[in-house]
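Data block for my_file-v4.cif (mmCIF, C-alpha atoms and all ligand atoms):
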```cif
data_model
loop_
_atom_site.label_atom_id
_atom_site.label_comp_id
_atom_site.auth_asym_id
_atom_site.auth_seq_id
_atom_site.Cartn_x
_atom_site.Cartn_y
_atom_site.Cartn_z
CA MET A 1 8.09 -29.28 -8.61
CA LEU A 2 10.50 -27.39 -6.35
CA GLN A 3 8.08 -24.48 -6.20
CA LEU A 4 5.72 -26.53 -4.02
CA ALA A 5 8.24 -26.86 -1.19
CA ASN A 6 6.87 -25.33 2.02
CA LYS A 7 3.66 -24.24 0.31
CA ARG A 8 0.42 -24.50 2.24
CA ILE A 9 -2.14 -26.14 0.03
CA LEU A 10 -5.73 -26.34 1.16
CA LEU A 11 -7.19 -29.19 -0.90
CA GLY A 12 -10.96 -29.13 -1.27
CA ILE A 13 -12.59 -32.36 -2.41
CA SER A 14 -16.14 -32.32 -3.68
CA GLY A 15 -18.42 -35.24 -4.56
CA GLY A 16 -17.56 -37.21 -7.68
CA ILE A 17 -16.03 -40.51 -8.71
CA ALA A 18 -12.71 -38.71 -9.37
CA ALA A 19 -12.41 -38.16 -5.60
CA TYR A 20 -10.47 -41.46 -5.43
CA LYS A 21 -7.64 -39.71 -7.34
CA SER A 22 -7.42 -37.06 -4.61
CA ALA A 23 -5.60 -39.55 -2.39
CA GLU A 24 -2.81 -39.78 -4.97
CA LEU A 25 -2.89 -35.99 -5.35
CA VAL A 26 -2.27 -35.54 -1.62
CA ARG A 27 0.69 -37.94 -1.87
CA THR A 28 2.14 -36.08 -4.87
CA LEU A 29 1.80 -32.68 -3.20
CA THR A 30 3.31 -33.78 0.12
CA LYS A 31 6.14 -35.58 -1.69
CA ALA A 32 6.91 -32.26 -3.40
CA GLY A 33 7.30 -30.66 0.05
CA ALA A 34 3.90 -28.97 0.39
CA THR A 35 1.86 -29.06 3.58
CA VAL A 36 -1.64 -30.23 2.71
CA ARG A 37 -4.83 -29.77 4.68
CA VAL A 38 -7.99 -31.31 3.32
CA ILE A 39 -11.60 -30.11 3.40
CA MET A 40 -14.22 -32.55 2.17
CA THR A 41 -17.81 -31.88 1.20
CA ALA A 42 -20.54 -34.29 2.29
CA GLY A 43 -20.63 -35.65 -1.28
CA ALA A 44 -16.87 -36.33 -1.28
CA MET A 45 -17.23 -38.49 1.84
CA GLU A 46 -19.55 -40.80 -0.10
CA PHE A 47 -16.62 -41.66 -2.37
CA ILE A 48 -13.55 -41.65 -0.12
CA THR A 49 -13.04 -41.66 3.64
CA PRO A 50 -11.57 -38.77 5.62
CA LEU A 51 -9.32 -41.31 7.34
CA THR A 52 -7.46 -42.11 4.10
CA LEU A 53 -6.78 -38.42 3.47
CA GLN A 54 -5.84 -37.81 7.08
CA ALA A 55 -3.28 -40.62 6.92
CA LEU A 56 -1.82 -39.35 3.65
CA SER A 57 -1.74 -35.66 4.52
CA GLY A 58 -0.67 -36.17 8.14
CA ASN A 59 -3.27 -33.56 9.16
CA PRO A 60 -6.84 -33.76 10.46
CA VAL A 61 -9.42 -33.62 7.69
CA HIS A 62 -12.05 -30.90 7.96
CA HIS A 63 -15.65 -31.27 6.81
CA ALA A 64 -18.12 -29.73 9.28
CA LEU A 65 -18.84 -26.01 9.23
CA LEU A 66 -20.35 -25.96 12.70
CA ASP A 67 -17.94 -28.23 14.52
CA GLU A 68 -17.11 -26.82 17.95
CA THR A 69 -13.89 -28.84 18.30
CA ALA A 70 -12.60 -27.73 14.90
CA GLU A 71 -13.55 -24.10 15.55
CA ALA A 72 -11.62 -24.19 18.82
CA GLY A 73 -8.56 -25.50 16.92
CA MET A 74 -8.10 -24.63 13.25
CA GLY A 75 -11.49 -23.09 12.54
CA HIS A 76 -12.73 -21.95 9.15
CA ILE A 77 -11.21 -18.46 9.38
CA GLU A 78 -7.80 -19.87 10.36
CA LEU A 79 -7.98 -22.33 7.48
CA ALA A 80 -8.87 -19.50 5.12
CA ARG A 81 -5.88 -17.46 6.32
CA TRP A 82 -3.52 -20.42 6.48
CA ALA A 83 -3.73 -21.34 2.81
CA ASP A 84 -1.23 -20.11 0.23
CA THR A 85 -3.56 -21.56 -2.37
CA ILE A 86 -6.89 -23.37 -2.37
CA LEU A 87 -7.02 -26.27 -4.82
CA ILE A 88 -10.35 -28.03 -5.39
CA ALA A 89 -9.97 -31.41 -7.04
CA PRO A 90 -12.35 -32.74 -8.09
CA ALA A 91 -14.50 -29.63 -8.51
CA SER A 92 -18.02 -30.81 -9.32
CA ALA A 93 -20.58 -28.81 -11.33
CA ASP A 94 -22.56 -28.29 -8.12
CA LEU A 95 -19.54 -26.92 -6.24
CA ILE A 96 -18.66 -24.56 -9.10
CA ALA A 97 -22.28 -23.31 -9.11
CA ARG A 98 -22.21 -22.68 -5.35
CA LEU A 99 -18.88 -20.84 -5.60
CA ALA A 100 -20.16 -18.68 -8.45
CA ALA A 101 -23.27 -17.80 -6.42
CA GLY A 102 -21.12 -16.81 -3.42
CA MET A 103 -22.78 -19.40 -1.21
CA GLY A 104 -21.35 -20.49 2.11
CA ASP A 105 -23.54 -23.48 2.85
CA ASP A 106 -20.74 -25.85 3.83
CA LEU A 107 -17.18 -25.60 5.13
CA LEU A 108 -15.49 -25.65 1.72
CA THR A 109 -17.54 -22.84 0.14
CA THR A 110 -17.31 -20.78 3.35
CA VAL A 111 -13.52 -21.06 3.45
CA CYS A 112 -13.33 -20.07 -0.23
CA LEU A 113 -15.42 -16.98 0.54
CA ALA A 114 -13.33 -16.09 3.58
CA SER A 115 -9.94 -16.54 1.95
CA SER A 116 -7.86 -14.13 -0.12
CA ALA A 117 -5.76 -17.05 -1.41
CA PRO A 118 -5.84 -17.88 -5.11
CA LEU A 119 -8.33 -20.58 -6.09
CA CYS A 120 -7.50 -23.42 -8.48
CA LEU A 121 -10.20 -25.74 -9.75
CA ALA A 122 -9.72 -29.16 -11.34
CA PRO A 123 -13.22 -29.82 -12.70
CA ALA A 124 -14.55 -33.35 -12.99
CA MET A 125 -18.03 -34.14 -14.30
CA ASN A 126 -19.99 -35.84 -17.05
CA GLN A 127 -19.25 -34.35 -20.49
CA GLN A 128 -22.83 -33.10 -20.88
CA MET A 129 -22.68 -31.36 -17.50
CA TRP A 130 -19.36 -29.75 -18.51
CA ALA A 131 -20.91 -28.57 -21.80
CA ALA A 132 -24.05 -27.23 -20.07
CA ALA A 133 -24.62 -23.50 -20.52
CA THR A 134 -25.14 -23.06 -16.76
CA THR A 135 -21.74 -24.61 -15.97
CA LYS A 136 -20.09 -22.37 -18.59
CA ASN A 137 -21.92 -19.37 -17.21
CA ASN A 138 -20.89 -20.20 -13.61
CA LEU A 139 -17.25 -20.53 -14.64
CA SER A 140 -17.24 -17.25 -16.52
CA THR A 141 -18.85 -15.53 -13.51
CA LEU A 142 -16.11 -16.93 -11.27
CA ALA A 143 -13.40 -15.88 -13.75
CA ARG A 144 -14.84 -12.34 -13.93
CA LEU A 145 -15.11 -12.01 -10.16
CA ARG A 146 -11.75 -13.53 -9.25
CA GLY A 147 -9.59 -12.46 -12.22
CA ASP A 148 -6.00 -13.75 -11.96
CA ALA A 149 -6.79 -15.35 -8.62
CA LEU A 150 -8.70 -18.15 -10.38
CA ALA A 151 -7.10 -20.98 -12.37
CA LEU A 152 -8.70 -23.94 -14.13
CA PHE A 153 -6.69 -27.12 -14.42
CA GLY A 154 -8.37 -29.15 -17.14
CA PRO A 155 -10.67 -30.94 -17.48
CA GLY A 156 -9.24 -33.63 -19.73
CA SER A 157 -11.02 -35.62 -22.39
CA GLY A 158 -11.62 -39.37 -22.69
CA ALA A 159 -13.74 -42.24 -21.45
CA GLN A 160 -15.84 -41.34 -18.41
CA ALA A 161 -17.00 -43.47 -15.48
CA CYS A 162 -20.60 -43.17 -16.75
CA GLY A 163 -19.65 -44.65 -20.14
CA ASP A 164 -19.68 -41.33 -22.05
CA ILE A 165 -16.66 -40.09 -23.96
CA GLY A 166 -15.72 -36.42 -23.97
CA LEU A 167 -14.44 -33.48 -21.93
CA GLY A 168 -14.95 -33.58 -18.19
CA ARG A 169 -12.37 -36.03 -16.81
CA MET A 170 -10.30 -34.74 -13.92
CA LEU A 171 -6.61 -34.38 -14.87
CA GLU A 172 -4.19 -36.92 -13.41
CA PRO A 173 -2.74 -35.94 -10.00
CA GLU A 174 0.77 -35.42 -11.42
CA ALA A 175 -0.55 -32.97 -14.06
CA ILE A 176 -2.59 -31.06 -11.44
CA ALA A 177 0.42 -30.81 -9.12
CA GLN A 178 2.62 -29.57 -11.99
CA GLN A 179 0.10 -26.88 -13.01
CA LEU A 180 -0.16 -25.83 -9.38
CA ALA A 181 3.63 -25.61 -9.10
CA ASP A 182 3.75 -23.46 -12.27
CA ARG A 183 1.35 -20.98 -10.63
CA PHE A 184 4.00 -20.14 -8.05
CA VAL A 185 6.36 -18.75 -10.69
CA SER A 186 5.05 -15.44 -11.95
CA GLY A 187 8.05 -14.17 -13.88
CA THR A 188 7.27 -10.55 -12.94
CA LEU A 189 10.85 -10.12 -11.69
CA ALA A 190 12.51 -12.35 -14.29
CA GLY A 191 16.09 -11.22 -14.94
CA LYS A 192 16.14 -8.90 -11.90
CA GLN A 193 18.61 -9.07 -9.02
CA VAL A 194 16.83 -8.60 -5.71
CA VAL A 195 18.65 -8.06 -2.42
CA ILE A 196 16.72 -8.45 0.84
CA THR A 197 17.88 -7.78 4.40
CA ALA A 198 16.14 -9.86 7.07
CA GLY A 199 16.16 -10.72 10.74
CA PRO A 200 17.70 -8.81 13.62
CA THR A 201 21.23 -7.50 14.06
CA ARG A 202 23.24 -8.22 17.20
CA GLU A 203 25.44 -5.51 18.64
CA ALA A 204 28.09 -6.98 20.92
CA LEU A 205 28.69 -5.66 24.42
CA ASP A 206 31.37 -8.19 25.29
CA PRO A 207 32.25 -11.71 24.06
CA VAL A 208 29.03 -13.19 25.49
CA ARG A 209 26.40 -10.44 25.43
CA TYR A 210 24.68 -8.36 22.82
CA ILE A 211 21.83 -5.91 22.18
CA SER A 212 19.21 -7.10 19.71
CA ASN A 213 15.45 -7.30 19.06
CA HIS A 214 12.65 -9.82 18.47
CA SER A 215 12.81 -10.11 14.68
CA SER A 216 12.48 -13.77 13.60
CA GLY A 217 13.33 -13.16 9.94
CA LYS A 218 9.99 -14.66 8.80
CA MET A 219 8.91 -11.56 6.87
CA GLY A 220 12.25 -11.19 5.07
CA TYR A 221 12.57 -14.90 4.25
CA ALA A 222 9.01 -14.93 2.88
CA LEU A 223 9.89 -11.95 0.68
CA ALA A 224 13.02 -13.76 -0.55
CA GLN A 225 10.96 -16.83 -1.48
CA ALA A 226 8.31 -14.69 -3.18
CA ALA A 227 10.96 -12.80 -5.19
CA LEU A 228 12.46 -16.15 -6.24
CA GLU A 229 9.03 -17.35 -7.35
CA ALA A 230 8.67 -14.13 -9.34
CA GLY A 231 11.77 -15.16 -11.29
CA ALA A 232 14.41 -12.96 -9.59
CA GLN A 233 17.95 -13.88 -8.57
CA VAL A 234 17.79 -13.35 -4.83
CA THR A 235 20.46 -12.46 -2.27
CA LEU A 236 19.30 -12.64 1.32
CA ILE A 237 21.46 -10.74 3.81
CA SER A 238 20.32 -12.22 7.07
CA GLY A 239 20.96 -11.51 10.70
CA PRO A 240 20.99 -14.50 13.09
CA VAL A 241 17.68 -16.40 12.82
CA SER A 242 16.67 -20.01 13.18
CA LEU A 243 14.94 -20.45 9.82
CA PRO A 244 15.99 -23.05 7.23
CA VAL A 245 18.28 -21.76 4.48
CA PRO A 246 16.05 -21.29 1.45
CA GLU A 247 16.94 -23.26 -1.67
CA ARG A 248 18.25 -21.38 -4.74
CA ILE A 249 18.72 -18.16 -2.75
CA THR A 250 22.19 -16.75 -2.04
CA LEU A 251 22.38 -16.39 1.71
CA VAL A 252 24.84 -13.91 3.23
CA PRO A 253 24.82 -14.43 7.01
CA VAL A 254 25.75 -11.37 9.06
CA THR A 255 25.68 -10.44 12.72
CA SER A 256 25.94 -6.69 13.30
CA ALA A 257 24.59 -3.62 11.51
CA ALA A 258 28.15 -2.85 10.34
CA ASP A 259 28.39 -6.35 8.74
CA MET A 260 24.97 -5.87 7.14
CA LEU A 261 26.02 -2.51 5.69
CA THR A 262 29.22 -3.96 4.21
CA ALA A 263 27.31 -6.91 2.67
CA SER A 264 24.63 -4.56 1.31
CA LEU A 265 27.08 -2.12 -0.29
CA ALA A 266 28.86 -5.06 -1.96
CA THR A 267 25.69 -5.83 -3.95
CA LEU A 268 25.31 -2.34 -5.46
CA GLY A 269 25.98 -2.18 -9.16
CA GLN A 270 24.31 -5.56 -9.74
CA CYS A 271 21.22 -4.93 -7.61
CA ASP A 272 17.91 -3.87 -9.21
CA VAL A 273 15.71 -3.95 -6.12
CA PHE A 274 16.81 -3.58 -2.48
CA ILE A 275 14.28 -4.48 0.21
CA ALA A 276 15.21 -3.66 3.81
CA SER A 277 13.03 -5.80 6.04
CA ALA A 278 15.74 -6.34 8.69
CA ALA A 279 15.26 -4.91 12.14
CA VAL A 280 18.62 -3.17 12.34
CA ALA A 281 19.74 -1.95 15.77
CA ASP A 282 19.76 1.85 15.64
CA TYR A 283 22.55 2.01 18.23
CA ARG A 284 25.50 -0.16 19.27
CA PRO A 285 27.71 -0.09 22.36
CA ALA A 286 30.42 2.56 21.96
CA ALA A 287 33.03 0.00 22.97
CA VAL A 288 33.04 -3.80 22.94
CA ALA A 289 34.75 -5.18 26.04
CA GLU A 290 37.42 -7.73 25.16
CA GLN A 291 36.56 -9.82 28.19
CA LYS A 292 33.24 -10.63 29.82
CA ILE A 293 32.02 -7.62 31.81
CA LYS A 294 32.03 -8.66 35.46
CA LYS A 295 29.14 -8.01 37.79
CA ALA A 296 29.96 -5.02 40.04
CA GLY A 297 27.65 -2.59 41.84
CA ASP A 298 23.87 -2.18 41.42
CA GLU A 299 23.96 -0.11 38.26
CA ILE A 300 25.95 -0.09 35.09
CA GLN A 301 26.16 2.70 32.51
CA LEU A 302 26.23 1.86 28.83
CA THR A 303 27.19 4.35 26.15
CA LEU A 304 25.62 3.68 22.79
CA VAL A 305 26.54 5.23 19.46
CA LYS A 306 24.43 5.49 16.34
CA ASN A 307 24.67 2.76 13.70
CA PRO A 308 24.81 3.69 10.02
CA ASP A 309 21.39 3.65 8.35
CA ILE A 310 21.72 0.88 5.76
CA ILE A 311 18.67 1.53 3.60
CA ALA A 312 19.28 5.31 3.62
CA THR A 313 22.90 4.74 2.55
CA VAL A 314 21.78 2.41 -0.26
CA ALA A 315 18.99 4.73 -1.40
CA HIS A 316 21.31 7.79 -1.55
CA HIS A 317 24.09 5.87 -3.34
CA PRO A 318 25.03 6.83 -6.94
CA GLN A 319 24.28 3.19 -7.94
CA ARG A 320 20.95 3.36 -6.20
CA PRO A 321 18.56 0.44 -6.89
CA PHE A 322 14.77 0.59 -6.54
CA SER A 323 14.70 1.00 -2.76
CA VAL A 324 12.05 -0.41 -0.43
CA GLY A 325 12.12 0.09 3.33
CA PHE A 326 9.98 -1.15 6.17
CA ALA A 327 8.71 0.95 9.06
CA ALA A 328 8.14 -0.79 12.39
CA GLU A 329 6.02 1.53 14.49
CA THR A 330 4.06 1.31 17.72
CA HIS A 331 2.16 4.59 17.25
CA ASP A 332 1.54 7.34 14.67
CA VAL A 333 2.30 4.73 11.99
CA ASP A 334 1.16 6.92 9.12
CA SER A 335 3.23 10.02 9.88
CA TYR A 336 6.42 8.11 10.79
CA ALA A 337 6.15 5.99 7.65
CA ARG A 338 5.72 9.02 5.39
CA ASP A 339 8.62 10.76 7.10
CA LYS A 340 10.91 7.71 6.56
CA LEU A 341 9.83 7.45 2.91
CA GLU A 342 11.08 11.03 2.30
CA ARG A 343 14.06 11.17 4.64
CA LYS A 344 15.55 7.85 3.52
CA ASN A 345 14.90 8.64 -0.18
CA LEU A 346 12.85 5.48 -0.73
CA ASP A 347 10.60 4.41 -3.59
CA MET A 348 8.33 2.57 -1.18
CA ILE A 349 7.91 1.96 2.50
CA ILE A 350 5.92 -0.87 4.07
CA ALA A 351 4.64 0.02 7.52
CA ASN A 352 3.55 -2.42 10.20
CA ASP A 353 2.17 -1.78 13.66
CA VAL A 354 4.55 -3.72 15.92
CA SER A 355 2.59 -2.93 19.08
CA ARG A 356 0.21 -5.76 18.09
CA GLN A 357 0.92 -9.33 19.27
CA ASP A 358 -0.83 -11.05 16.34
CA ILE A 359 1.30 -9.43 13.62
CA GLY A 360 4.80 -8.02 13.16
CA PHE A 361 7.74 -9.36 15.18
CA GLY A 362 7.84 -13.17 15.38
CA ALA A 363 4.22 -13.67 14.29
CA GLU A 364 3.09 -15.92 11.43
CA ASN A 365 0.88 -13.14 10.08
CA ASN A 366 1.33 -9.51 9.24
CA ALA A 367 -0.81 -6.57 8.13
CA VAL A 368 0.84 -3.62 6.45
CA THR A 369 0.28 -0.35 4.64
CA LEU A 370 2.39 0.25 1.57
CA TYR A 371 3.31 3.91 0.90
CA SER A 372 4.81 5.09 -2.36
CA ARG A 373 4.81 8.22 -4.43
CA HIS A 374 1.73 6.78 -6.18
CA GLY A 375 -0.40 6.48 -3.04
CA THR A 376 -1.07 3.98 -0.29
CA THR A 377 -2.37 0.40 -0.29
CA GLU A 378 -3.63 -1.53 2.74
CA PHE A 379 -2.89 -5.25 3.11
CA ASP A 380 -5.14 -6.84 5.73
CA VAL A 381 -3.96 -9.58 8.14
CA MET A 382 -2.70 -12.65 6.27
CA ASN A 383 0.18 -15.09 6.59
CA LYS A 384 3.58 -13.66 5.75
CA THR A 385 4.05 -15.99 2.76
CA LEU A 386 0.92 -14.76 1.08
CA LEU A 387 1.59 -11.14 2.04
CA ALA A 388 5.13 -11.38 0.66
CA ARG A 389 3.76 -12.51 -2.71
CA GLN A 390 1.37 -9.56 -2.84
CA LEU A 391 4.12 -7.12 -1.83
CA ILE A 392 6.51 -8.52 -4.44
CA ALA A 393 3.74 -8.18 -7.06
CA ALA A 394 3.27 -4.52 -6.05
CA ILE A 395 7.03 -3.87 -6.17
CA ALA A 396 7.33 -5.54 -9.60
CA GLN A 397 4.44 -3.43 -10.90
CA GLN A 398 5.99 -0.13 -9.77
CA LEU A 399 9.41 -1.15 -10.99
CA LYS A 400 7.94 -1.82 -14.43
CA ALA A 401 6.09 1.50 -14.43
CA GLN A 402 9.31 3.44 -13.75
O1 LIG B 501 11.33 -10.71 11.26
P1 LIG B 501 9.88 -10.89 11.66
O2 LIG B 501 9.73 -11.51 13.02
O3 LIG B 501 9.08 -11.59 10.59
O4 LIG B 501 9.24 -9.44 11.81
C1 LIG B 501 9.12 -8.60 10.70
C2 LIG B 501 9.48 -7.15 11.03
C3 LIG B 501 8.50 -6.59 12.05
C4 LIG B 501 10.91 -7.08 11.59
C5 LIG B 501 9.41 -6.38 9.66
O5 LIG B 501 8.11 -6.44 9.16
C6 LIG B 501 9.82 -4.92 9.84
O6 LIG B 501 9.04 -4.05 10.19
N1 LIG B 501 11.11 -4.62 9.55
C7 LIG B 501 11.73 -3.30 9.78
C8 LIG B 501 12.15 -3.18 11.21
C9 LIG B 501 12.81 -1.83 11.51
O7 LIG B 501 13.95 -1.81 11.89
O8 LIG B 501 12.06 -0.79 11.25
P2 LIG B 501 12.51 0.77 11.50
O9 LIG B 501 11.25 1.53 11.36
O10 LIG B 501 13.27 0.85 12.77
O11 LIG B 501 13.49 1.07 10.30
C10 LIG B 501 13.04 1.64 9.08
C11 LIG B 501 13.80 1.05 7.90
O12 LIG B 501 15.18 1.40 8.00
C12 LIG B 501 13.75 -0.46 7.82
O13 LIG B 501 13.65 -0.80 6.46
C13 LIG B 501 15.09 -0.90 8.39
O14 LIG B 501 15.53 -2.13 7.82
C14 LIG B 501 15.98 0.24 7.96
N2 LIG B 501 17.12 0.51 8.84
C15 LIG B 501 16.93 0.89 10.14
C16 LIG B 501 18.02 1.21 10.91
C17 LIG B 501 19.31 1.12 10.36
N3 LIG B 501 20.39 1.39 11.07
N4 LIG B 501 19.47 0.72 9.08
C18 LIG B 501 18.39 0.43 8.32
O15 LIG B 501 18.54 0.06 7.15
#
```
Please lay out the structure from this file as structure tokens.
Ligand code: PMT
Amino acid sequence: MLQLANKRILLGISGGIAAYKSAELVRTLTKAGATVRVIMTAGAMEFITPLTLQALSGNPVHHALLDETAEAGMGHIELARWADTILIAPASADLIARLAAGMGDDLLTTVCLASSAPLCLAPAMNQQMWAAATTKNNLSTLARLRGDALALFGPGSGAQACGDIGLGRMLEPEAIAQQLADRFVSGTLAGKQVVITAGPTREALDPVRYISNHSSGKMGYALAQAALEAGAQVTLISGPVSLPVPERITLVPVTSAADMLTASLATLGQCDVFIASAAVADYRPAAVAEQKIKKAGDEIQLTLVKNPDIIATVAHHPQRPFSVGFAAETHDVDSYARDKLERKNLDMIIANDVSRQDIGFGAENNAVTLYSRHGTTEFDVMNKTLLARQLIAAIAQQLKAQ
């Protein structure tokens, strides 16, 4: 279940005898490397205590919609944005009905309404309740409204707590975790080689100083992970960042724009998609002093020369892959992005407003506009992991259409 590593799973627990299995589910998910936060309904707390789930998940358990302390910390909107996926296990007939009706009468249903994360349900109920026309109708309403963003895990069949035999048992925690892990592999880029540049470049002034920027690499690393989950072979050409080296991704560490260009050109011929999310320094010092520049006088003059444009070089190359650039702008985002799309000969450009503190450089979240020859798409504020998945899905779709 490697795919669950570093995933943010929001586990909703509704009222039902199967809630006791949720404790084991939390253990299985955390053992697989996922971070789990739990929301319980009032019914769930009749069957299992928040304390058990808090101890197993290592995170506070949420249950009250109007809790001032929780809203001051990780409130319902933060929880909704935080999640890569919402998993509800057990999902009772009542909870499914409330979700289908779009109700927000407790924390769990409100977070589901407020989140753009995919929703996975592991139903658990009496076999007659599962067979009821209203339950079937509620599930088909949810499926119609949510499309691919809804998954049903089970239910299984067998002896039930009430003595009945039939469909309605919640799947075992291991099976739920496996189905959840499978959801993170889409296969839309299966067989494709994807190269991603990420992080900042550093342009040396002397042996101890450099010019750089605030890129943390989070956006590029999230894209690399999302491309991997989509089935691609991924090469990540990364400037200096302090992020963990992602598993099963070929990491090429670089320092300067010149290094990044050399590493990028070396991939051409085997590269199907090139995504330039790195914040490459546009200029570098004209000369790098061999020794530390000594302090002298009140002013110092630096001469900078232009760096090569990596994505433009790649996108004009005879072995040009599908080329995706980013545009980091502080103003006139739309016109600069369109200009870069044309000038750099790109298939797509993803623009973000880096004048904002809550998104862009260093932030956990981002909001972007994707421009291509087929039009524009807005992606509202969400965490970079989730955004990366949606961007990779959009890239895979356009690649296929070509
Ligand atoms: O790393 P994070 O902290 O998560 O932040 C993410 C981000 C803000 C860095 C990212 O979302 C982003 O916007 N990356 C592009 C940053 C940038 O350099 O933008 P630009 O508008 O200056 O450049 C346009 C495009 O040309 C980019 O794809 C860039 O990688 C590329 N470029 C720029 C200069 C150069 N010499 N070579 C290039 O390839």
Once you count all atoms listed in the file, which residues end up within 8 Å of ligand LIG 501 (chain B), and could you hand them over as a CSV table (one decimal) with C-alpha atoms, keeping the file's coordinate frame?
```csv
chain,number,residue,atom,x,y,z
A,197,THR,CA,17.9,-7.8,4.4
A,198,ALA,CA,16.1,-9.9,7.1
A,199,GLY,CA,16.2,-10.7,10.7
A,200,PRO,CA,17.7,-8.8,13.6
A,214,HIS,CA,12.6,-9.8,18.5
A,215,SER,CA,12.8,-10.1,14.7
A,216,SER,CA,12.5,-13.8,13.6
A,217,GLY,CA,13.3,-13.2,9.9
A,218,LYS,CA,10.0,-14.7,8.8
A,219,MET,CA,8.9,-11.6,6.9
A,220,GLY,CA,12.2,-11.2,5.1
A,221,TYR,CA,12.6,-14.9,4.2
A,257,ALA,CA,24.6,-3.6,11.5
A,275,ILE,CA,14.3,-4.5,0.2
A,276,ALA,CA,15.2,-3.7,3.8
A,277,SER,CA,13.0,-5.8,6.0
A,278,ALA,CA,15.7,-6.3,8.7
A,279,ALA,CA,15.3,-4.9,12.1
A,280,VAL,CA,18.6,-3.2,12.3
A,281,ALA,CA,19.7,-2.0,15.8
A,282,ASP,CA,19.8,1.8,15.6
A,283,TYR,CA,22.6,2.0,18.2
A,306,LYS,CA,24.4,5.5,16.3
A,307,ASN,CA,24.7,2.8,13.7
A,308,PRO,CA,24.8,3.7,10.0
A,309,ASP,CA,21.4,3.6,8.4
A,310,ILE,CA,21.7,0.9,5.8
A,311,ILE,CA,18.7,1.5,3.6
A,312,ALA,CA,19.3,5.3,3.6
A,313,THR,CA,22.9,4.7,2.6
A,324,VAL,CA,12.0,-0.4,-0.4
A,325,GLY,CA,12.1,0.1,3.3
A,326,PHE,CA,10.0,-1.2,6.2
A,327,ALA,CA,8.7,1.0,9.1
A,328,ALA,CA,8.1,-0.8,12.4
A,329,GLU,CA,6.0,1.5,14.5
A,337,ALA,CA,6.2,6.0,7.6
A,340,LYS,CA,10.9,7.7,6.6
A,344,LYS,CA,15.6,7.8,3.5
A,349,ILE,CA,7.9,2.0,2.5
A,350,ILE,CA,5.9,-0.9,4.1
A,351,ALA,CA,4.6,0.0,7.5
A,352,ASN,CA,3.6,-2.4,10.2
A,354,VAL,CA,4.6,-3.7,15.9
A,359,ILE,CA,1.3,-9.4,13.6
A,360,GLY,CA,4.8,-8.0,13.2
A,361,PHE,CA,7.7,-9.4,15.2
A,362,GLY,CA,7.8,-13.2,15.4
A,363,ALA,CA,4.2,-13.7,14.3
A,364,GLU,CA,3.1,-15.9,11.4
A,366,ASN,CA,1.3,-9.5,9.2
A,384,LYS,CA,3.6,-13.7,5.8
```
Quick one: 3 Å padding each side, axis-aligned, all listed atoms of segment 18-32 of chain A - centre and edge lengths in Å to one decimal, as JSON?
```
{"center_x": -2.9, "center_y": -36.9, "center_z": -4.6, "size_x": 25.6, "size_y": 15.2, "size_z": 15.5}
```
**Prompt:** When you draw a straight line from atom CA of Ile395 of chain A to atom CA of Pro321 of chain A, how long is it in Å?
**Reply:**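 Those two atoms sit 12.3 Å apart.
Our summary of the geometry notes that atom CA of Phe322 of chain A is positioned 4.7 Å from atom CA of Val273 of chain A.
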**Prompt:** Looking at A:Ala131, A:Pro173, A:Leu107, A:Ala117, which one is nearest to Leu29 of chain A, with distances taken over only C-alpha atoms?
**Reply:**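 Of A:Ala131, A:Pro173, A:Leu107, A:Ala117, the one nearest Leu29 of chain A is A:Pro173, counting only C-alpha atoms.
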**Item:** Distance of atom CA of Pro118 of chain A from atom CA of Asn365 of chain A, expressed in Å to one decimal place
**Value:**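 Value for the atom CA of Asn365 of chain A-atom CA of Pro118 of chain A distance: 17.3 Å.
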**Item:** Contacts of Arg338 of chain A at 9 Å (only C-alpha atoms; same-chain gap of 4+ positions) as a ChimeraX atom specification
**Value:** /A:333-334,342-343,349,371-372
Limit the output to N, CA, C and O atoms and give segment 130-134 of chain A as a PDB file, in the first residue's frame.
```pdb
ATOM      1  N   TRP A 130     -29.863  -1.966   3.550  1.00  0.00           N
ATOM      2  CA  TRP A 130     -29.035  -1.852   2.335  1.00  0.00           C
ATOM      3  C   TRP A 130     -29.893  -2.074   1.074  1.00  0.00           C
ATOM      4  O   TRP A 130     -29.725  -1.398   0.062  1.00  0.00           O
ATOM      5  N   ALA A 131     -30.860  -3.012   1.188  1.00  0.00           N
ATOM      6  CA  ALA A 131     -31.696  -3.343   0.025  1.00  0.00           C
ATOM      7  C   ALA A 131     -32.813  -2.312  -0.186  1.00  0.00           C
ATOM      8  O   ALA A 131     -33.441  -2.273  -1.250  1.00  0.00           O
ATOM      9  N   ALA A 132     -33.043  -1.445   0.807  1.00  0.00           N
ATOM     10  CA  ALA A 132     -34.174  -0.507   0.730  1.00  0.00           C
ATOM     11  C   ALA A 132     -34.051   0.421  -0.488  1.00  0.00           C
ATOM     12  O   ALA A 132     -32.945   0.890  -0.814  1.00  0.00           O
ATOM     13  N   ALA A 133     -35.186   0.659  -1.121  1.00  0.00           N
ATOM     14  CA  ALA A 133     -35.185   1.496  -2.332  1.00  0.00           C
ATOM     15  C   ALA A 133     -34.644   2.891  -2.034  1.00  0.00           C
ATOM     16  O   ALA A 133     -33.952   3.493  -2.872  1.00  0.00           O
ATOM     17  N   THR A 134     -34.923   3.409  -0.835  1.00  0.00           N
ATOM     18  CA  THR A 134     -34.448   4.771  -0.511  1.00  0.00           C
ATOM     19  C   THR A 134     -32.921   4.806  -0.435  1.00  0.00           C
ATOM     20  O   THR A 134     -32.283   5.750  -0.903  1.00  0.00           O
TER      21      THR A 134
END
```
